[in-house]
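Undergrad: Okay, so here is my_file_14.tsv, and as you'll see once you scroll down, it has TSV, C-alpha atoms.
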```tsv
chain	number	residue	atom	x	y	z
A	1	MET	CA	5.21	30.82	-2.82
A	2	GLU	CA	2.74	29.94	-0.12
A	3	GLU	CA	1.39	27.02	-2.11
A	4	ASN	CA	4.86	25.56	-2.54
A	5	GLN	CA	5.53	25.90	1.14
A	6	ASN	CA	2.31	24.09	1.98
A	7	LEU	CA	3.22	21.29	-0.40
A	8	GLU	CA	6.59	20.84	1.25
A	9	GLU	CA	5.07	20.74	4.70
A	10	ASN	CA	2.53	18.15	3.71
A	11	THR	CA	4.63	15.64	1.80
A	12	TYR	CA	7.23	13.42	3.37
A	13	SER	CA	10.82	13.33	2.23
A	14	GLN	CA	12.07	9.96	0.95
A	15	GLU	CA	15.71	10.83	1.71
A	16	GLU	CA	14.92	11.93	5.25
A	17	VAL	CA	13.09	8.69	6.06
A	18	ASP	CA	15.87	6.67	4.43
A	19	ARG	CA	18.49	8.44	6.54
A	20	ILE	CA	16.50	8.00	9.76
A	21	THR	CA	16.01	4.27	9.20
A	22	GLN	CA	19.64	3.62	8.19
A	23	GLU	CA	20.97	5.49	11.21
A	24	SER	CA	18.65	3.74	13.63
A	25	ILE	CA	19.58	0.28	12.37
A	26	GLU	CA	23.32	1.11	12.38
A	27	SER	CA	23.22	2.45	15.90
A	28	VAL	CA	21.51	-0.67	17.28
A	29	LEU	CA	23.10	-3.44	15.21
A	30	LYS	CA	26.66	-2.26	14.60
A	31	GLU	CA	29.16	-4.99	15.48
A	32	VAL	CA	26.69	-7.34	17.17
A	33	GLN	CA	26.44	-11.06	16.66
A	34	TYR	CA	23.08	-12.83	16.61
A	35	ASP	CA	22.04	-13.50	20.19
A	36	GLU	CA	18.67	-15.07	20.82
A	37	SER	CA	18.19	-13.44	24.20
A	38	LYS	CA	18.97	-9.94	22.93
A	39	VAL	CA	17.24	-9.88	19.55
A	40	GLN	CA	13.84	-8.94	20.96
A	41	GLY	CA	15.40	-5.91	22.64
A	42	TRP	CA	17.19	-4.80	19.44
A	43	ILE	CA	14.15	-5.14	17.29
A	44	ASN	CA	11.99	-3.12	19.69
A	45	ALA	CA	14.70	-0.47	19.96
A	46	ILE	CA	14.89	-0.08	16.17
A	47	CYS	CA	11.11	0.19	15.80
A	48	GLU	CA	10.82	2.72	18.61
A	49	LYS	CA	13.74	4.86	17.42
A	50	VAL	CA	12.46	5.05	13.87
A	51	THR	CA	8.86	5.77	14.90
A	52	GLN	CA	9.90	8.50	17.31
A	53	GLN	CA	12.04	10.31	14.75
A	54	LEU	CA	9.33	10.02	12.13
A	55	ILE	CA	6.78	11.60	14.45
A	56	GLU	CA	9.23	14.44	15.15
A	57	LEU	CA	9.17	15.30	11.43
A	58	GLY	CA	5.72	16.68	12.09
A	59	LYS	CA	4.14	15.77	8.77
A	60	PRO	CA	0.44	14.84	8.44
A	61	TYR	CA	1.15	11.12	8.02
A	62	LYS	CA	0.36	7.84	9.70
A	63	TYR	CA	3.42	5.58	9.95
A	64	ILE	CA	3.91	1.83	10.00
A	65	VAL	CA	7.39	0.56	10.85
A	66	HIS	CA	7.96	-3.14	10.26
A	67	CYS	CA	11.27	-4.73	11.24
A	68	MET	CA	12.57	-8.25	10.72
A	69	ILE	CA	15.83	-9.73	12.04
A	70	MET	CA	16.89	-13.10	10.71
A	71	GLN	CA	19.86	-15.26	11.69
A	72	ARG	CA	22.18	-15.86	8.75
A	73	ASN	CA	22.21	-19.60	8.30
A	74	GLY	CA	21.93	-19.96	4.59
A	75	ALA	CA	18.15	-20.31	4.56
A	76	GLY	CA	16.34	-18.57	1.72
A	77	ALA	CA	13.70	-15.94	2.31
A	78	PHE	CA	11.59	-13.55	0.26
A	79	VAL	CA	9.69	-10.48	1.39
A	80	THR	CA	7.15	-8.75	-0.82
A	81	THR	CA	4.63	-6.00	-0.17
A	82	SER	CA	1.56	-4.77	-2.02
A	83	GLN	CA	-0.28	-1.56	-1.27
A	84	TRP	CA	-3.66	-0.07	-2.05
A	85	TRP	CA	-3.14	3.66	-1.49
A	86	ASP	CA	-2.58	7.07	-3.02
A	87	THR	CA	0.56	6.65	-5.12
A	88	VAL	CA	1.30	10.38	-5.14
A	89	ALA	CA	1.10	11.18	-1.43
A	90	ASP	CA	1.98	7.84	0.19
A	91	GLY	CA	5.26	6.00	0.08
A	92	GLN	CA	7.52	3.33	1.50
A	93	ILE	CA	11.15	2.67	2.22
A	94	ILE	CA	12.58	-0.83	2.51
A	95	ILE	CA	16.07	-1.13	3.90
A	96	SER	CA	18.07	-4.34	3.87
A	97	TRP	CA	21.01	-4.30	6.30
A	98	PRO	CA	23.88	-4.92	5.93
A	99	LYS	CA	24.50	-4.23	2.29
A	100	ASP	CA	26.96	-6.82	0.97
A	101	LYS	CA	29.63	-4.21	0.17
A	102	GLN	CA	29.47	-2.97	3.72
A	103	ALA	CA	29.95	-6.45	5.15
A	104	LYS	CA	32.98	-7.13	2.97
A	105	GLN	CA	34.61	-3.81	3.82
A	106	GLU	CA	34.29	-4.32	7.52
A	107	GLN	CA	35.38	-7.95	7.20
A	108	GLN	CA	32.81	-8.89	9.71
A	109	LYS	CA	31.32	-12.31	9.82
A	110	ASN	CA	27.81	-11.03	9.85
A	111	THR	CA	25.54	-13.45	11.61
A	112	LEU	CA	22.32	-11.59	11.15
A	113	HIS	CA	20.28	-9.84	8.52
A	114	CYS	CA	17.81	-7.03	9.10
A	115	ILE	CA	15.01	-5.91	6.81
A	116	CYS	CA	13.18	-2.76	7.88
A	117	SER	CA	10.14	-1.38	6.01
A	118	VAL	CA	8.63	2.01	6.69
A	119	PHE	CA	5.22	2.87	5.21
A	120	ALA	CA	3.93	6.45	5.28
A	121	VAL	CA	0.20	6.92	4.71
A	122	SER	CA	-1.08	10.43	4.11
A	123	MET	CA	-3.88	11.74	6.29
A	124	ILE	CA	-5.08	14.42	3.93
B	1	MET	CA	-20.58	-9.86	3.61
B	2	ASP	CA	-22.09	-6.82	1.85
B	3	GLN	CA	-22.61	-4.92	5.10
B	4	LEU	CA	-18.86	-5.03	5.74
B	5	GLY	CA	-18.36	-2.74	2.77
B	6	ASN	CA	-19.47	0.25	4.81
B	7	VAL	CA	-17.63	-0.19	8.11
B	8	VAL	CA	-15.14	2.48	9.04
B	9	SER	CA	-13.18	0.63	11.70
B	10	PHE	CA	-10.86	-2.24	10.86
B	11	ASN	CA	-11.16	-3.79	14.33
B	12	GLY	CA	-14.24	-5.99	14.60
B	13	PRO	CA	-16.13	-8.09	12.05
B	14	LEU	CA	-14.00	-6.89	9.14
B	15	LYS	CA	-10.85	-8.16	10.85
B	16	ASN	CA	-12.38	-11.63	11.32
B	17	GLU	CA	-13.44	-11.77	7.72
B	18	VAL	CA	-9.96	-10.75	6.54
B	19	GLN	CA	-8.36	-13.36	8.82
B	20	LYS	CA	-10.45	-16.08	7.22
B	21	PHE	CA	-9.56	-15.34	3.65
B	22	VAL	CA	-5.88	-14.67	4.35
B	23	GLN	CA	-5.63	-18.06	6.06
B	24	SER	CA	-7.36	-19.83	3.19
B	25	THR	CA	-5.18	-18.05	0.61
B	26	LEU	CA	-1.99	-19.12	2.40
B	27	GLN	CA	-3.25	-22.66	2.75
B	28	ARG	CA	-4.18	-22.87	-0.90
B	29	GLU	CA	-0.86	-21.45	-2.13
B	30	LEU	CA	1.61	-23.10	0.22
B	31	ASP	CA	0.34	-26.56	1.02
B	32	LYS	CA	2.24	-29.41	-0.66
B	33	LEU	CA	4.92	-27.03	-1.91
B	34	THR	CA	8.69	-27.24	-1.49
B	35	TYR	CA	10.81	-24.09	-1.24
B	36	ASP	CA	12.25	-23.16	-4.61
B	37	HIS	CA	14.33	-19.98	-4.67
B	38	ASN	CA	13.36	-19.16	-8.24
B	39	ASP	CA	9.72	-19.75	-7.67
B	40	ALA	CA	9.40	-18.10	-4.25
B	41	GLN	CA	9.48	-14.54	-5.60
B	42	VAL	CA	6.62	-15.23	-7.96
B	43	LYS	CA	4.73	-17.10	-5.25
B	44	SER	CA	4.97	-14.33	-2.68
B	45	ASN	CA	3.94	-11.71	-5.25
B	46	LYS	CA	0.94	-13.84	-6.16
B	47	ILE	CA	-0.09	-14.21	-2.51
B	48	CYS	CA	0.24	-10.45	-1.90
B	49	ASP	CA	-1.72	-9.47	-4.97
B	50	SER	CA	-4.46	-12.00	-4.38
B	51	ILE	CA	-4.97	-10.87	-0.78
B	52	LEU	CA	-4.92	-7.19	-1.76
B	53	LYS	CA	-7.52	-7.79	-4.46
B	54	GLN	CA	-9.85	-9.55	-2.02
B	55	LEU	CA	-9.37	-6.78	0.53
B	56	THR	CA	-10.30	-4.03	-1.88
B	57	THR	CA	-13.42	-5.81	-3.12
B	58	HIS	CA	-14.58	-6.17	0.51
B	59	ASN	CA	-14.15	-2.59	1.65
B	60	LYS	CA	-13.09	0.68	0.08
B	61	ASN	CA	-12.85	2.85	3.21
B	62	PHE	CA	-9.23	1.94	3.84
B	63	LYS	CA	-5.76	2.15	2.46
B	64	PHE	CA	-4.21	-1.32	2.69
B	65	ILE	CA	-0.66	-2.58	3.01
B	66	VAL	CA	0.00	-6.31	2.61
B	67	ASN	CA	3.39	-7.70	3.57
B	68	CYS	CA	4.32	-11.32	2.82
B	69	LEU	CA	7.38	-13.24	4.00
B	70	LEU	CA	8.19	-16.68	2.63
B	71	MET	CA	10.99	-18.48	4.38
B	72	GLN	CA	12.61	-21.85	3.93
B	73	LYS	CA	12.21	-23.98	7.03
B	74	ALA	CA	15.69	-24.12	8.52
B	75	GLU	CA	17.49	-24.00	11.83
B	76	CYS	CA	17.63	-20.25	12.12
B	77	GLY	CA	16.17	-17.63	14.40
B	78	LEU	CA	13.67	-15.09	13.16
B	79	ASN	CA	12.26	-12.07	14.96
B	80	ILE	CA	9.65	-9.71	13.56
B	81	SER	CA	8.24	-6.57	15.13
B	82	GLY	CA	5.98	-3.75	13.98
B	83	SER	CA	5.30	-0.32	15.36
B	84	CYS	CA	2.43	1.86	14.13
B	85	TYR	CA	1.57	5.52	14.60
B	86	TRP	CA	-2.10	5.86	13.69
B	87	ASP	CA	-5.65	6.17	14.97
B	88	ASN	CA	-6.31	3.15	17.20
B	89	ASP	CA	-10.09	3.36	16.81
B	90	THR	CA	-10.27	3.02	13.06
B	91	ASP	CA	-6.95	1.54	11.95
B	92	GLY	CA	-5.68	-1.96	12.59
B	93	SER	CA	-3.36	-4.77	11.64
B	94	LEU	CA	-3.40	-8.52	11.31
B	95	THR	CA	-0.59	-11.10	11.29
B	96	ILE	CA	-1.14	-14.64	10.04
B	97	LYS	CA	1.44	-17.42	10.07
B	98	HIS	CA	1.13	-20.59	8.05
B	99	GLU	CA	3.64	-23.38	8.40
B	100	THR	CA	4.05	-26.38	6.13
B	101	GLU	CA	6.78	-29.03	6.03
B	102	ALA	CA	9.13	-26.96	3.90
B	103	ILE	CA	7.99	-23.35	4.07
B	104	ILE	CA	6.96	-20.77	6.62
B	105	GLY	CA	4.65	-18.05	5.32
B	106	ILE	CA	3.89	-14.91	7.35
B	107	VAL	CA	1.42	-12.31	6.10
B	108	ASN	CA	0.88	-8.86	7.68
B	109	VAL	CA	-2.12	-6.75	6.73
B	110	PHE	CA	-2.20	-3.09	7.80
B	111	ALA	CA	-5.33	-1.00	7.25
B	112	CYS	CA	-5.42	2.81	7.54
B	113	ALA	CA	-8.82	4.49	7.47
B	114	LEU	CA	-9.44	7.15	4.86
```
The structure in this file should be written as structure tokens.
TA:
Amino acid sequence: MEENQNLEENTYSQEEVDRITQESIESVLKEVQYDESKVQGWINAICEKVTQQLIELGKPYKYIVHCMIMQRNGAGAFVTTSQWWDTVADGQIIISWPKDKQAKQEQQKNTLHCICSVFAVSMI
Amino acid sequence: MDQLGNVVSFNGPLKNEVQKFVQSTLQRELDKLTYDHNDAQVKSNKICDSILKQLTTHNKNFKFIVNCLLMQKAECGLNISGSCYWDNDTDGSLTIKHETEAIIGIVNVFACAL
């Protein structure tokens, strides 16, 4: 019983991190249009929100939050990541916002695209 | 180059060494290339893997994360930000941008000490 409890305390939860990141992006970027003067503020707010909530989880992990906001102009872009780490203990979440279904439902002319990656590196 | 295999802090000579080979990798892969949507995925994977391989042969005291963005050069705004919760003495990051006529390539390297 104790061993299981220890395991739970020391591994991070993929769903929890996913939820935190989604909520943070939604709260900052909902119903905004791309504005050059405000983007810096949004991007810092997202990074800070996510990092703070991750630290509050209290797991023995180092976190890297990487956020990218791009104006939607029809330009193509690709993002890839490679990692050299412990595949059992470490993990990543990459969220692309908005999802196309979401954009169609809200009938919003989305003028920006946000890609947020969270990497969790175990300390033990 | 061999003495860098034993360092435990990313900030310092190791960072300079990494900067050099990331820059040369980007230059080699992106110069004289036009943006092709089908090819870009393969290209960015190749860049990531090549940099990661070189990193791990240099030093095994770190966990590495390599992030590569390839973007078509167009009239659009782009903002990137990173926030890290780690040990400032031993861990570190590097961001390299390489611009050609048709493509913008941005590589981030994050190193977490073991």
Undergrad: Please find the residues of chain A near chain B - the criterion being any atom within 7 Å, counting all atoms listed in the file - and write them as an mmCIF file with C-alpha atoms, in the coordinates of the input.
TA:
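The resulting file, part-v2.cif, is shown below:
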```cif
data_model
loop_
_atom_site.group_PDB
_atom_site.id
_atom_site.type_symbol
_atom_site.label_atom_id
_atom_site.label_comp_id
_atom_site.auth_asym_id
_atom_site.auth_seq_id
_atom_site.Cartn_x
_atom_site.Cartn_y
_atom_site.Cartn_z
ATOM 1 C CA GLN A 40 13.840 -8.940 20.960
ATOM 2 C CA ILE A 43 14.150 -5.140 17.290
ATOM 3 C CA ASN A 44 11.990 -3.120 19.690
ATOM 4 C CA CYS A 47 11.110 0.190 15.800
ATOM 5 C CA LYS A 62 0.360 7.840 9.700
ATOM 6 C CA TYR A 63 3.420 5.580 9.950
ATOM 7 C CA ILE A 64 3.910 1.830 10.000
ATOM 8 C CA VAL A 65 7.390 0.560 10.850
ATOM 9 C CA HIS A 66 7.960 -3.140 10.260
ATOM 10 C CA CYS A 67 11.270 -4.730 11.240
ATOM 11 C CA MET A 68 12.570 -8.250 10.720
ATOM 12 C CA ILE A 69 15.830 -9.730 12.040
ATOM 13 C CA MET A 70 16.890 -13.100 10.710
ATOM 14 C CA GLN A 71 19.860 -15.260 11.690
ATOM 15 C CA ASN A 73 22.210 -19.600 8.300
ATOM 16 C CA ALA A 75 18.150 -20.310 4.560
ATOM 17 C CA GLY A 76 16.340 -18.570 1.720
ATOM 18 C CA ALA A 77 13.700 -15.940 2.310
ATOM 19 C CA PHE A 78 11.590 -13.550 0.260
ATOM 20 C CA VAL A 79 9.690 -10.480 1.390
ATOM 21 C CA THR A 80 7.150 -8.750 -0.820
ATOM 22 C CA THR A 81 4.630 -6.000 -0.170
ATOM 23 C CA SER A 82 1.560 -4.770 -2.020
ATOM 24 C CA GLN A 83 -0.280 -1.560 -1.270
ATOM 25 C CA TRP A 84 -3.660 -0.070 -2.050
ATOM 26 C CA TRP A 85 -3.140 3.660 -1.490
#
```
Undergrad: Fewer than 6 positions away in the same chain doesn't count, so skip those; otherwise give me all residues within 10 Å of Gln19 (chain B), counting all atoms listed in the file, as a list in words.
TA: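 So, after excluding close chain neighbours, the residues are Pro13, Thr25, Leu94, Thr95, Ile96 and Val109 of chain B.
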Undergrad: For a test of reading the model, state the distance in Å between CA of Cys114 (chain A) and CA of Ala89 (chain A), rounded to one decimal.
TA: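 So the answer is 26.9 Å.
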Undergrad: Between CA of Gln27 (chain B) and CA of Glu99 (chain B), what distance in Å does the model show, to one decimal?
TA: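 It comes out at 8.9 Å.
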Undergrad: Leaving out Glu15 (chain A) and any residue of its chain fewer than 6 positions from it, which residues lie within 12 Å of it when counting all atoms listed in the file, given as a PyMOL selection string?
TA: chain A and resi 21-22+91-93
Undergrad: Point out the residue among A:Ser117, A:Asn110, A:Ser24, A:Tyr34 with the least atom-to-atom distance to Ser96 (chain A), counting only C-alpha atoms.
TA: A:Ser117
Undergrad: Quick one: 8 Å padding each side, axis-aligned, all listed atoms of region 57-70 of chain B - centre and edge lengths in Å to one decimal, as AutoDock Vina command-line options?
TA:
```
--center_x -3.2 --center_y -6.9 --center_z 0.4 --size_x 38.8 --size_y 35.5 --size_z 23.1
```
Undergrad: For a test of reading the model, state the distance in Å between CA of Met123 (chain A) and CA of Val50 (chain A), rounded to one decimal.
TA: 19.2 Å
Undergrad: Tell me, as a PDB file with C-alpha atoms, in the frame of the given file, which residues lie within 7 Å of Arg72 (chain A), counting all atoms listed in the file; anything in the same chain fewer than 5 positions away does not count.
TA:
```pdb
ATOM      1  CA  THR A 111      25.540 -13.450  11.610  1.00  0.00           C
ATOM      2  CA  LEU A 112      22.320 -11.590  11.150  1.00  0.00           C
ATOM      3  CA  HIS A 113      20.280  -9.840   8.520  1.00  0.00           C
TER       4      HIS A 113
END
```
